[in-house]
Every structure is written in C-alpha cells, then in structure tokens.
>>> print(open('upload_23.txt').read())   # compact mmCIF, C-alpha atoms
# COMPACT_ATOMS: atom_id res chain seq x y z
CA MET A 1 114.93 90.82 91.98
CA CYS A 2 113.87 94.34 91.24
CA GLY A 3 117.33 95.70 91.95
CA ARG A 4 118.91 98.94 90.83
CA TYR A 5 119.91 97.55 87.42
CA THR A 6 116.47 96.06 86.75
CA LEU A 7 114.80 99.40 87.42
CA GLU A 8 117.37 101.39 85.49
CA TRP A 9 115.05 102.59 82.73
CA LEU A 10 112.22 103.58 85.09
CA ASP A 11 114.68 105.22 87.46
CA SER A 12 116.23 107.31 84.68
CA LEU A 13 112.79 108.23 83.31
CA ILE A 14 111.46 109.41 86.69
CA THR A 15 114.52 111.07 88.19
CA VAL A 16 115.84 112.72 85.00
CA SER A 17 113.71 112.61 81.83
CA LEU A 18 110.38 113.54 83.48
CA ASN A 19 111.79 115.52 86.39
CA PRO A 20 110.66 119.17 85.94
CA ALA A 21 113.73 120.32 87.87
CA LYS A 22 116.09 118.73 85.34
CA THR A 23 114.16 118.64 82.07
CA ASP A 24 112.03 121.16 80.19
CA LEU A 25 108.95 119.03 79.63
CA ASN A 26 107.45 121.59 77.25
CA THR A 27 109.92 120.41 74.64
CA LEU A 28 108.25 116.98 74.56
CA SER A 29 105.80 116.58 71.70
CA ASP A 30 102.51 114.69 72.10
CA GLU A 31 103.90 111.97 69.84
CA GLU A 32 106.95 111.56 72.08
CA ILE A 33 104.72 111.38 75.13
CA ARG A 34 102.59 108.64 73.53
CA SER A 35 105.77 106.74 72.74
CA ILE A 36 106.89 106.99 76.38
CA ILE A 37 103.47 105.80 77.60
CA SER A 38 103.72 102.77 75.31
CA LYS A 39 107.22 102.06 76.58
CA ILE A 40 106.00 102.29 80.23
CA PHE A 41 103.41 99.55 79.57
CA GLU A 42 106.09 97.36 77.99
CA GLU A 43 108.48 98.00 80.88
CA LYS A 44 105.81 97.16 83.45
CA GLU A 45 105.12 93.78 81.83
CA ARG A 46 108.85 93.09 81.55
CA LEU A 47 109.38 93.86 85.23
CA LEU A 48 106.45 91.66 86.29
CA THR A 49 107.96 88.78 84.33
CA ILE A 50 111.37 89.34 85.94
CA LEU A 51 109.81 89.59 89.41
CA LYS A 52 107.99 86.29 88.99
CA HIS A 53 110.99 84.48 87.53
CA GLN A 54 113.54 85.69 90.09
CA LEU A 55 111.30 85.25 93.12
CA PHE A 56 110.05 81.79 92.30
CA SER A 57 113.55 80.60 91.42
CA LEU A 58 114.76 81.34 94.96
CA THR A 59 114.50 78.74 97.72
CA LYS A 60 116.13 80.42 100.74
CA GLU A 61 113.82 82.50 102.94
CA LYS A 62 116.46 85.16 103.67
CA GLN A 63 117.17 85.71 99.98
CA ILE A 64 113.48 86.06 99.18
CA ALA A 65 112.95 88.49 102.07
CA PHE A 66 115.94 90.60 101.02
CA LEU A 67 114.87 90.86 97.38
CA VAL A 68 111.20 91.50 98.26
CA ASN A 69 112.11 94.39 100.55
CA GLN A 70 114.71 95.77 98.12
CA SER A 71 112.18 95.78 95.31
CA HIS A 72 109.40 97.23 97.48
CA SER A 73 111.58 100.07 98.80
CA SER A 74 112.85 100.98 95.32
CA LEU A 75 109.34 101.11 93.87
CA ILE A 76 108.09 103.22 96.79
CA ILE A 77 110.93 105.71 96.32
CA LEU A 78 110.17 106.06 92.60
CA LEU A 79 106.43 106.38 93.17
CA ASP A 80 107.01 108.97 95.88
CA GLN A 81 109.15 110.95 93.43
CA VAL A 82 106.42 110.95 90.77
CA LEU A 83 103.76 112.00 93.29
CA LYS A 84 105.83 115.06 94.20
CA TYR A 85 105.82 116.38 90.62
CA PRO A 86 103.83 119.64 90.30
CA LYS A 87 100.47 119.49 88.57
CA THR A 88 100.31 120.48 84.91
CA LYS A 89 97.49 121.70 82.69
CA ARG A 90 98.76 119.72 79.71
CA ALA A 91 96.43 116.73 79.17
CA SER A 92 98.96 114.47 77.45
CA LEU A 93 101.53 115.05 80.21
CA ASN A 94 98.91 114.27 82.89
CA GLU A 95 98.10 111.05 81.06
CA LEU A 96 101.79 110.17 81.11
CA TYR A 97 102.07 110.79 84.85
CA ASN A 98 98.89 108.80 85.57
CA THR A 99 100.15 105.87 83.47
CA LEU A 100 103.45 105.93 85.32
CA ILE A 101 101.72 106.05 88.72
CA SER A 102 99.27 103.24 87.93
CA SER A 103 102.11 101.05 86.56
CA LEU A 104 104.22 101.56 89.69
CA GLU A 105 101.18 100.83 91.88
CA GLU A 106 100.51 97.61 89.96
CA LEU A 107 104.12 96.49 90.52
CA LEU A 108 103.83 97.39 94.21
CA SER A 109 100.54 95.55 94.51
CA PHE A 110 102.12 92.43 93.03
CA VAL A 111 104.87 92.50 95.67
CA GLU A 112 102.54 93.41 98.56
CA VAL A 113 99.89 90.79 97.79
CA ARG A 114 102.10 87.87 96.75
CA PHE A 115 104.89 88.37 99.27
CA PHE A 116 103.19 90.11 102.20
CA THR A 117 104.87 87.92 104.83
CA TYR A 118 108.38 88.89 103.69
CA LEU A 119 107.93 92.68 103.91
CA SER A 120 109.46 94.79 106.67
CA LEU A 121 106.08 95.96 107.87
CA LYS A 122 107.19 98.12 110.80
CA GLU A 123 108.74 100.79 108.57
CA ARG A 124 106.90 104.10 108.23
CA VAL A 125 105.07 104.80 104.98
CA PRO A 126 106.47 107.84 103.08
CA VAL A 127 104.20 110.87 103.56
CA THR A 128 103.51 111.52 99.86
CA TYR A 129 102.67 107.90 99.10
CA LEU A 130 100.52 107.71 102.23
CA ALA A 131 98.50 110.79 101.24
CA VAL A 132 97.57 109.24 97.90
CA ALA A 133 96.89 105.81 99.45
CA GLY A 134 94.72 107.40 102.16
CA LYS A 135 92.64 109.27 99.60
CA GLU A 136 92.10 106.06 97.66
CA LEU A 137 91.09 104.15 100.82
CA LYS A 138 88.60 106.88 101.76
CA GLN A 139 86.95 106.73 98.32
CA ARG A 140 86.75 102.94 98.46
CA ALA A 141 85.33 103.05 102.01
CA ASP A 142 82.60 105.49 100.90
CA LYS A 143 81.63 103.17 98.05
CA LEU A 144 81.83 100.11 100.30
CA LYS A 145 79.45 101.66 102.82
CA VAL A 146 76.57 101.45 100.34
CA GLN A 147 77.53 97.91 99.28
CA LEU A 148 77.75 96.54 102.84
CA LEU A 149 74.43 98.00 103.91
CA GLY A 150 72.87 96.22 100.94
CA LYS A 151 74.56 92.87 101.73
CA VAL A 152 74.63 92.74 105.54
CA SER A 153 71.45 93.17 107.57
CA ASP A 154 73.23 93.75 110.89
CA ARG A 155 73.68 97.53 110.93
CA GLU A 156 75.68 97.49 114.18
CA LEU A 157 78.29 95.16 112.74
CA VAL A 158 78.58 97.23 109.55
CA ASP A 159 79.06 100.39 111.64
CA ILE A 160 81.88 98.74 113.62
CA VAL A 161 83.75 97.76 110.45
CA LEU A 162 83.26 101.12 108.75
CA SER A 163 84.28 102.99 111.91
CA SER A 164 87.66 101.21 111.86
CA LEU A 165 88.18 102.13 108.21
CA TYR A 166 87.24 105.78 108.72
CA ALA A 167 89.27 106.00 111.94
CA PHE A 168 92.33 105.08 109.88
CA THR A 169 91.66 107.63 107.12
CA ASN A 170 90.99 110.33 109.73
CA ARG A 171 94.36 109.56 111.36
CA LEU A 172 96.07 110.46 108.09
CA LYS A 173 94.61 113.97 108.21
CA GLN A 174 96.15 114.45 111.66
CA ASP A 175 99.63 113.51 110.40
CA PHE A 176 99.99 110.38 112.56
CA PRO A 177 102.83 108.04 111.55
CA VAL A 178 101.59 104.92 109.75
CA THR A 179 103.47 101.65 109.20
CA PHE A 180 103.27 99.46 106.13
CA GLN A 181 101.67 96.80 108.32
CA GLU A 182 98.69 99.08 109.05
CA LEU A 183 98.33 100.29 105.48
CA LEU A 184 98.58 96.85 103.87
CA TYR A 185 96.15 95.38 106.40
CA LEU A 186 93.53 98.03 105.56
CA LYS A 187 94.06 97.49 101.83
CA ASP A 188 93.59 93.74 102.27
CA LEU A 189 90.50 94.24 104.44
CA LEU A 190 88.92 96.58 101.91
CA LYS A 191 89.61 94.19 99.04
CA GLU A 192 88.03 91.27 100.90
CA LEU A 193 85.02 93.34 101.97
CA GLU A 194 84.44 94.43 98.38
CA LEU A 195 84.39 90.76 97.31
CA LEU A 196 82.17 89.66 100.21
CA GLU A 197 79.14 87.57 99.34
CA ALA A 198 76.58 87.65 102.17
CA THR A 199 75.29 84.08 101.79
CA GLN A 200 72.95 82.46 104.30
CA ARG A 201 74.65 79.98 106.68
CA LYS A 202 72.42 77.34 108.27
CA ASN A 203 73.12 76.19 111.83
CA CYS A 204 76.04 78.60 112.15
CA VAL A 205 76.05 81.52 114.58
CA PHE A 206 78.84 83.23 112.63
CA THR A 207 77.96 85.19 109.48
CA THR A 208 80.12 85.36 106.35
CA LEU A 209 81.25 88.81 107.53
CA ASP A 210 82.24 87.32 110.92
CA GLU A 211 84.14 84.61 109.07
CA LEU A 212 86.07 87.24 107.10
CA LEU A 213 86.87 89.35 110.18
CA ILE A 214 88.07 86.28 112.10
CA LEU A 215 90.16 85.22 109.09
CA LEU A 216 91.90 88.63 109.06
CA ASN A 217 92.32 88.81 112.87
CA PHE A 218 90.10 91.91 113.12
CA ASN A 219 90.86 92.41 116.83
CA SER A 220 88.89 95.63 117.23
CA LYS A 221 87.69 95.95 120.85
CA PRO A 222 84.19 97.07 119.77
CA TYR A 223 83.95 94.03 117.48
CA MET A 224 85.09 91.54 120.11
CA ARG A 225 82.67 93.07 122.63
CA TYR A 226 79.84 92.99 120.05
CA LEU A 227 80.55 89.37 119.10
CA THR A 228 80.72 88.05 122.68
CA ASN A 229 77.50 89.92 123.56
CA ARG A 230 75.77 88.40 120.54
CA LEU A 231 76.97 84.92 121.43
CA ALA A 232 75.93 85.39 125.07
CA GLU A 233 72.40 86.43 124.03
CA LYS A 234 71.96 83.32 121.90
CA ILE A 235 73.36 81.07 124.63
CA ASN A 236 71.25 82.60 127.40
CA ALA A 237 68.11 82.15 125.32
CA ASN A 238 68.23 78.56 126.65
CA GLU A 239 66.78 78.24 130.16
CA ASN A 240 68.51 75.01 131.16
CA THR A 241 72.19 75.32 132.18
CA SER A 242 73.18 72.09 130.44
CA ASP A 243 71.55 73.36 127.23
CA LYS A 244 73.50 76.61 127.56
CA LEU A 245 76.75 74.69 127.95
CA GLU A 246 75.94 72.45 125.00
CA ARG A 247 75.21 75.51 122.83
CA LEU A 248 78.41 77.22 124.01
CA LEU A 249 80.51 74.17 123.13
CA PHE A 250 78.86 74.01 119.71
CA TYR A 251 79.74 77.67 119.01
CA TYR A 252 83.27 77.11 120.30
CA LYS A 253 83.70 74.22 117.89
CA GLN A 254 82.52 76.41 114.99
CA PHE A 255 84.91 79.18 116.05
CA ASN A 256 87.91 76.84 116.22
CA GLN A 257 87.15 75.41 112.79
CA MET A 258 87.38 78.82 111.11
CA HIS A 259 90.50 79.64 109.11
CA ARG A 260 92.96 82.35 110.17
CA LYS A 261 95.38 84.15 107.86
CA PRO A 262 98.86 83.91 109.40
CA GLY A 263 100.84 87.04 110.23
CA VAL A 264 97.99 89.58 110.00
CA ILE A 265 96.35 91.66 112.73
CA LEU A 266 94.35 94.90 112.80
CA ASN A 267 95.99 96.34 115.91
CA PRO A 268 99.27 94.72 117.06
CA GLN A 269 98.97 96.50 120.43
CA TYR A 270 95.80 94.56 121.33
CA GLY A 271 95.38 90.88 122.05
CA ASP A 272 95.00 88.40 119.20
CA LEU A 273 91.34 87.81 118.26
CA LYS A 274 91.67 84.03 118.50
CA THR A 275 93.27 84.26 121.96
CA GLU A 276 90.77 86.78 123.32
CA LEU A 277 87.72 84.89 122.06
CA GLY A 278 89.24 81.60 123.20
CA ASN A 279 89.64 83.05 126.71
CA TRP A 280 86.02 84.19 126.68
CA PHE A 281 84.77 80.73 125.66
CA THR A 282 86.93 79.08 128.35
CA GLN A 283 85.69 81.33 131.15
CA GLU A 284 82.05 80.94 130.07
CA MET A 285 82.41 77.16 130.03
CA PHE A 286 83.97 77.22 133.49
CA TYR A 287 81.14 79.40 134.81
CA LEU A 288 78.41 77.15 133.41
CA GLU A 289 80.15 74.02 134.69
CA LYS A 290 80.27 75.62 138.14
CA GLN A 291 76.53 76.42 137.95
CA MET A 292 75.75 72.82 137.05
CA HIS A 293 77.88 71.58 139.95
CA HIS A 294 76.01 73.77 142.46
CA SER A 295 72.66 72.70 141.08
CA ILE A 296 73.62 69.06 141.73
CA ILE A 297 75.35 69.58 145.09
CA PRO A 298 73.72 72.65 146.70
CA LEU A 299 75.57 74.36 149.52
CA LYS A 300 74.23 73.35 152.94
CA ALA A 301 73.97 76.88 154.21
CA SER A 302 71.70 75.97 157.10
CA ALA A 303 74.29 73.58 158.53
CA VAL A 304 77.08 76.14 158.59
CA THR A 305 77.89 77.25 162.13
CA GLU A 306 78.96 80.74 163.08
CA VAL A 307 82.50 79.46 163.49
CA GLY A 308 82.32 77.94 160.03
CA LYS A 309 81.15 81.25 158.62
CA ASP A 310 84.11 83.03 160.14
CA LYS A 311 86.50 80.50 158.62
CA GLU A 312 84.82 80.80 155.24
CA LYS A 313 85.27 84.55 155.28
CA GLN A 314 88.99 84.11 155.86
CA LYS A 315 89.47 81.98 152.74
CA VAL A 316 90.16 83.38 149.27
CA LEU A 317 87.90 81.91 146.60
CA SER A 318 89.59 81.12 143.26
CA ILE A 319 87.87 80.15 140.04
CA LEU A 320 90.90 78.00 139.23
CA SER A 321 90.72 74.36 140.20
CA VAL A 322 93.07 72.76 142.76
CA ASP A 323 95.20 71.30 139.96
CA GLN A 324 95.42 74.66 138.22
CA MET A 325 96.34 76.59 141.39
CA ALA A 326 99.01 73.96 142.05
CA LEU A 327 100.67 74.83 138.73
CA VAL A 328 100.63 78.55 139.52
CA LEU A 329 102.21 78.10 142.97
CA ARG A 330 104.86 75.69 141.72
CA ALA A 331 105.87 78.06 138.89
CA ALA A 332 105.94 81.03 141.28
CA ASP A 333 108.25 79.09 143.62
CA GLU A 334 110.62 77.92 140.88
CA LEU A 335 110.87 81.46 139.44
CA ARG A 336 111.43 82.83 142.96
CA ILE A 337 108.43 85.14 142.67
CA ILE A 338 107.57 83.86 146.14
CA THR A 339 110.17 82.27 148.41
CA ALA A 340 110.09 79.85 151.32
CA ARG A 341 112.33 77.14 152.76
CA SER A 342 110.91 74.62 150.30
CA LEU A 343 108.09 74.07 147.85
CA ASN A 344 106.28 72.14 150.58
CA SER A 345 106.47 75.25 152.81
CA VAL A 346 104.94 77.37 150.05
CA PHE A 347 101.91 75.09 149.79
CA LYS A 348 101.65 74.66 153.57
CA SER A 349 101.58 78.45 154.10
CA ILE A 350 99.22 79.45 151.31
CA VAL A 351 96.81 76.58 150.60
CA PRO A 352 94.88 76.69 153.94
CA HIS A 353 93.68 80.17 152.96
CA LEU A 354 92.36 79.10 149.54
CA SER A 355 89.14 77.54 148.38
CA THR A 356 87.44 76.72 145.07
CA PRO A 357 83.75 76.64 144.07
CA TYR A 358 83.97 72.84 144.37
CA GLN A 359 86.20 72.42 147.41
CA GLU A 360 86.21 74.55 150.53
CA ASN A 361 88.98 72.76 152.42
CA ILE A 362 92.02 71.88 150.36
CA SER A 363 94.86 69.62 151.42
CA TYR A 364 98.16 71.39 150.85
CA ASP A 365 99.96 68.07 150.49
CA SER A 366 97.49 66.91 147.86
CA MET A 367 97.86 70.18 145.93
CA ARG A 368 101.65 69.90 146.05
CA SER A 369 101.46 66.38 144.62
CA LYS A 370 99.16 67.50 141.82
CA SER A 371 101.63 70.21 140.76
CA TYR A 372 103.87 67.41 139.40
CA SER A 373 101.20 65.71 137.28
CA ALA A 374 99.64 68.49 135.23
CA GLU A 375 96.93 67.72 132.69
CA ARG A 376 97.18 69.46 129.31
CA ARG A 377 93.75 71.10 129.73
CA ASP A 378 94.75 72.52 133.15
CA LYS A 379 97.90 74.02 131.66
CA GLU A 380 95.89 75.63 128.85
CA ILE A 381 93.43 77.23 131.29
CA VAL A 382 96.24 78.57 133.51
CA ILE A 383 98.05 80.06 130.51
CA GLN A 384 94.85 81.67 129.22
CA THR A 385 94.09 83.10 132.68
CA LEU A 386 97.60 84.55 133.00
CA GLN A 387 97.29 86.05 129.51
CA GLN A 388 94.07 87.76 130.57
CA MET A 389 95.91 89.20 133.57
CA ILE A 390 98.68 90.47 131.28
CA ASN A 391 96.13 92.16 129.00
CA LYS A 392 94.37 93.71 131.99
CA ILE A 393 97.65 95.06 133.41
CA LYS A 394 98.43 96.65 130.03
CA GLU A 395 95.19 98.62 130.32
CA TYR A 396 96.07 100.13 133.71
>>> encode(input="upload_23.txt", output="structure tokens")
Amino acid sequence: MCGRYTLEWLDSLITVSLNPAKTDLNTLSDEEIRSIISKIFEEKERLLTILKHQLFSLTKEKQIAFLVNQSHSSLIILLDQVLKYPKTKRASLNELYNTLISSLEELLSFVEVRFFTYLSLKERVPVTYLAVAGKELKQRADKLKVQLLGKVSDRELVDIVLSSLYAFTNRLKQDFPVTFQELLYLKDLLKELELLEATQRKNCVFTTLDELLILLNFNSKPYMRYLTNRLAEKINANENTSDKLERLLFYYKQFNQMHRKPGVILNPQYGDLKTELGNWFTQEMFYLEKQMHHSIIPLKASAVTEVGKDKEKQKVLSILSVDQMALVLRAADELRIITARSLNSVFKSIVPHLSTPYQENISYDSMRSKSYSAERRDKEIVIQTLQQMINKIKEY
C-alpha cells in the first residue's frame, strides 16, 4: 500500500531536502518553494489514488490490516518529523511546511476514516503529533460548544458531552499517554457532533444527540446515569404499575432498534453502553413485574405465625427466579466453585435457605430438574446479572 517505495519522494523531501539539520533552507528561492508546494499537491493526489487502488484490490483481511498499519505508521513518522522542525520567520517556507502538514494529515485522515477497524489502536500516539492533534481538538471543542447550545435545549446533556471532550484535552497537558483508539474516537465524535442536526422526534424518548451517543458507544458514566434518570422520570410519571411497565417496554424497544457502530467505545475500561443500559432495562422490568405480582397476590401478613416469621428471617431472598437460580447453582457445581457429593446434594443443601418474591418455599428437587431445561430468556437474565456483578467487583 503506502510502503517505503511509495512514499520515497515524500520521505526524501522531509528527511533530507527540508530537514534544517541537513540542508541550508536559505538557499531555496521563493520560486523553488512554490514548485515544491505544487509537487506536494500532485504527490498527495497520486498517493490517494494508489491507496484506493491497492486497498480495494485486496481481499484477505490480514493483508489489508498489514498494509493499513504500515501506511498509517509511515505517515505518522513523517508528520512527526515535520512537526519537529523549528519555526521560521520566512513566509514562503512556513507556507511550504503548512502545505506538507495538511497533505500528510489528509492522507492520514483517509486511512483513519476508511479503514478504522484495521488499525492497531492500542499503540501510543507520538508526543509531537499528539500535541498538534490536541490543540486542534481543543479549538474544535470551543467552537462546538456554541453550536451545541444553539441546537440542543438540554443544557445538562450538552455539559456531559463537552466535559468528556475537555477532560481529554486537559489530559494532554498533563502528559498522560494516549492511544490511537482514544484519539480517533474523539476525532470521530467531534466530526459527528459538528454535523448534528437537532430535529424533533415524535413519540421517541431519545433525542438525535442520544441517538448519536448510542451509535458511538459513548459509555461515559455521567451520561449513562443521566439517561437512566431521565428515562425513570418519564416512566414514573405514570401512576399505574402496568402503565409504567408498558412505557418501559416501549422505550426498551426504541433503544434496541437504534444502530451501533461496531468496534468503537469511549472508554474501553468501562462496560459497553448497550450492555449497561440493557441491564438497567432488565432490572427495571423485573422490579415492575414483581410489583404487579404483589398487587394481585398480596402477602397475608396477618396469617403469618411467630414460627413462620422466624423461618422467613432465615431464608435469603433472591430477585432471580427459581429457574434462574437453578442455572447459577448448576454452573457453580460443574465448575467446582462449590462442591458436594452430587448435584442433588448441592440443591438439597442450599435451596431450603432460598426464597424469591413469588415463592417462599422452594422444592430443591424441582429446582434441580429446572436446571436442565433452561429457557433462553432465563439464561439472558442470569448472564446480565453476572455481568453486573463483574462490573461492581471491578469498582471495589
């Protein structure tokens, strides 16, 4: 693709011809500089044509990934070299440097935008390149601030988005290491925010800005907390529990129908936005279903004897259903997380001490039987619950 040979002219120009350490640039006339600028434009167009032809002619994923990363690394090295050149007071020479920088950035942008998924995103961004990119992001964020406040009426949401952008640019001042994944994500986010059209959406709880943030997996904790609080307020505006559940299911359907861009995430150390919001919807649905159940079959508290109260206190209440707890216990036994003489012994020892909101006394034999006939929905809820536990443990 953009291998060593392909970049030969640019490489020679940057490392030798325009390198102040190797060439006396004062000997270049303004006419020669204009000629070089013209040649840079021609070379940029030639390289773009070669990039497109070579990339789209490949069919094997490994070949594409290799050539994308080779080209990206080579362009970064050359751009980093140019950015290290000392400043000059000569206007024509500054114009030459700026043309060279903008041409390299255009070539990089082509690779980063078209072939984002093939890049080795965990590599650190070179310091010089990062300083220039950070300055550009800060300027764009300042300009975007005015645009967003004019397009989006929700000031709290705008503040959350801008805070993430400024938090990143402030990190650069403190010399924190930054990966290409972080930098390219912020570039993509800024580009999409600049193009955002705040259109009115009827019968949809999610705004166009929400749609964009969900598309880009904007898994900021403040945003996820803000969004779930906003959804909860709209749901709880209904007095009837069945109406709340109906509204919740409607919002969940809208959420699931939104597009997600594969392979992108704001913070890889946090949970995926789709997973976290999906867990929230699941737990809210379970809670409302439980409320509806109790409203239909109220607990007969007056009929509970003192002995019954003592027994109730000894049981552990789980929000998981009998079928779901059966899956957890069976998996724990098969992985030897808990051990007993047999799976039957595991259920016989543990189940008498468990209860659910729907069933106080559970048959251990019945639970054991249900562990072998799992419903898909029960498996999904168990997996989501375990994922929540994993995320919680990570926070300890």
>>> residues_around(input="upload_23.txt", residues="stretch 36-52 of chain A", least_positions_apart="4", cutoff="9 Å", atoms="only C-alpha atoms", output="compact mmCIF listing (two decimals) with C-alpha atoms, in the frame of the given file")
# COMPACT_ATOMS: atom_id res chain seq x y z
CA MET A 1 114.93 90.82 91.98
CA CYS A 2 113.87 94.34 91.24
CA THR A 6 116.47 96.06 86.75
CA LEU A 7 114.80 99.40 87.42
CA TRP A 9 115.05 102.59 82.73
CA LEU A 10 112.22 103.58 85.09
CA GLU A 31 103.90 111.97 69.84
CA GLU A 32 106.95 111.56 72.08
CA PHE A 56 110.05 81.79 92.30
CA SER A 57 113.55 80.60 91.42
CA SER A 71 112.18 95.78 95.31
CA GLU A 95 98.10 111.05 81.06
CA LEU A 96 101.79 110.17 81.11
CA TYR A 97 102.07 110.79 84.85
CA THR A 99 100.15 105.87 83.47
CA LEU A 100 103.45 105.93 85.32
CA SER A 103 102.11 101.05 86.56
CA LEU A 104 104.22 101.56 89.69
CA GLU A 106 100.51 97.61 89.96
CA LEU A 107 104.12 96.49 90.52
CA PHE A 110 102.12 92.43 93.03
CA VAL A 111 104.87 92.50 95.67
>>> atom_distance(input="upload_23.txt", atom1="atom CA of A:Leu172", atom2="atom CA of A:Pro126")
11.8 Å
>>> atom_distance(input="upload_23.txt", atom1="atom CA of A:Gly278", atom2="atom CA of A:Pro357")
22.1 Å
>>> closest_residue(input="upload_23.txt", among="A:Arg341, A:Lys244, A:Lys315, A:Lys274", to="A:Asn256", atoms="only C-alpha atoms")
A:Lys274
>>> closest_residue(input="upload_23.txt", among="A:Lys290, A:Arg377, A:Lys221, A:Arg34", to="A:Leu327", atoms="only C-alpha atoms")
A:Arg377
>>> atom_distance(input="upload_23.txt", atom1="atom CA of A:Leu121", atom2="atom CA of A:Leu144")
25.7 Å
>>> residues_around(input="upload_23.txt", residues="A:Ser363", least_positions_apart="6", cutoff="12 Å", atoms="all atoms listed in the file", output="PyMOL selection string")
chain A and resi 322-323+326+344+347-355+369-370
>>> residues_near_point(input="upload_23.txt", point="(89.4, 98.1, 115.4)", cutoff="8 Å", atoms="only C-alpha atoms", output="list of chain:residue names")
A:Ile160, A:Val161, A:Ser163, A:Ser164, A:Phe218, A:Asn219, A:Ser220, A:Lys221, A:Pro222, A:Tyr223, A:Leu266, A:Asn267
>>> closest_residue(input="upload_23.txt", among="A:Leu75, A:Met224, A:Leu130, A:Leu83", to="A:Glu105", atoms="all atoms listed in the file")
A:Leu75
>>> closest_residue(input="upload_23.txt", among="A:Cys204, A:Ala340, A:Leu184, A:Leu157", to="A:Ile265", atoms="all atoms listed in the file")
A:Leu184
>>> axis_aligned_box(input="upload_23.txt", around="stretch 6-15 of chain A", padding_each_side="6 Å", output="AutoDock Vina command-line options")
--center_x 114.4 --center_y 103.6 --center_z 85.5 --size_x 17.9 --size_y 27.0 --size_z 17.5
>>> closest_residue(input="upload_23.txt", among="A:Leu193, A:Leu288, A:Leu277, A:Ile214", to="A:Leu231", atoms="only C-alpha atoms")
A:Leu277
>>> closest_residue(input="upload_23.txt", among="A:Ala198, A:Val82, A:Ala167, A:Val113", to="A:Leu149", atoms="only C-alpha atoms")
A:Ala198
>>> residues_around(input="upload_23.txt", residues="A:Ser321", least_positions_apart="4", cutoff="10 Å", atoms="all atoms listed in the file", output="PyMOL selection string")
chain A and resi 286+325-326+355-359+378+381-382
>>> residues_around(input="upload_23.txt", residues="stretch 207-210 of chain A", least_positions_apart="5", cutoff="9 Å", atoms="all atoms listed in the file", output="list of chain:residue names")
A:Val152, A:Leu157, A:Leu193, A:Leu196, A:Glu197, A:Ala198, A:Thr199, A:Gln200, A:Arg201, A:Leu215, A:Leu227
>>> residues_around(input="upload_23.txt", residues="A:Asn69", least_positions_apart="4", cutoff="8 Å", atoms="only C-alpha atoms", output="list of chain:residue names")
A:Ala65, A:Ser73, A:Tyr118, A:Leu119, A:Ser120
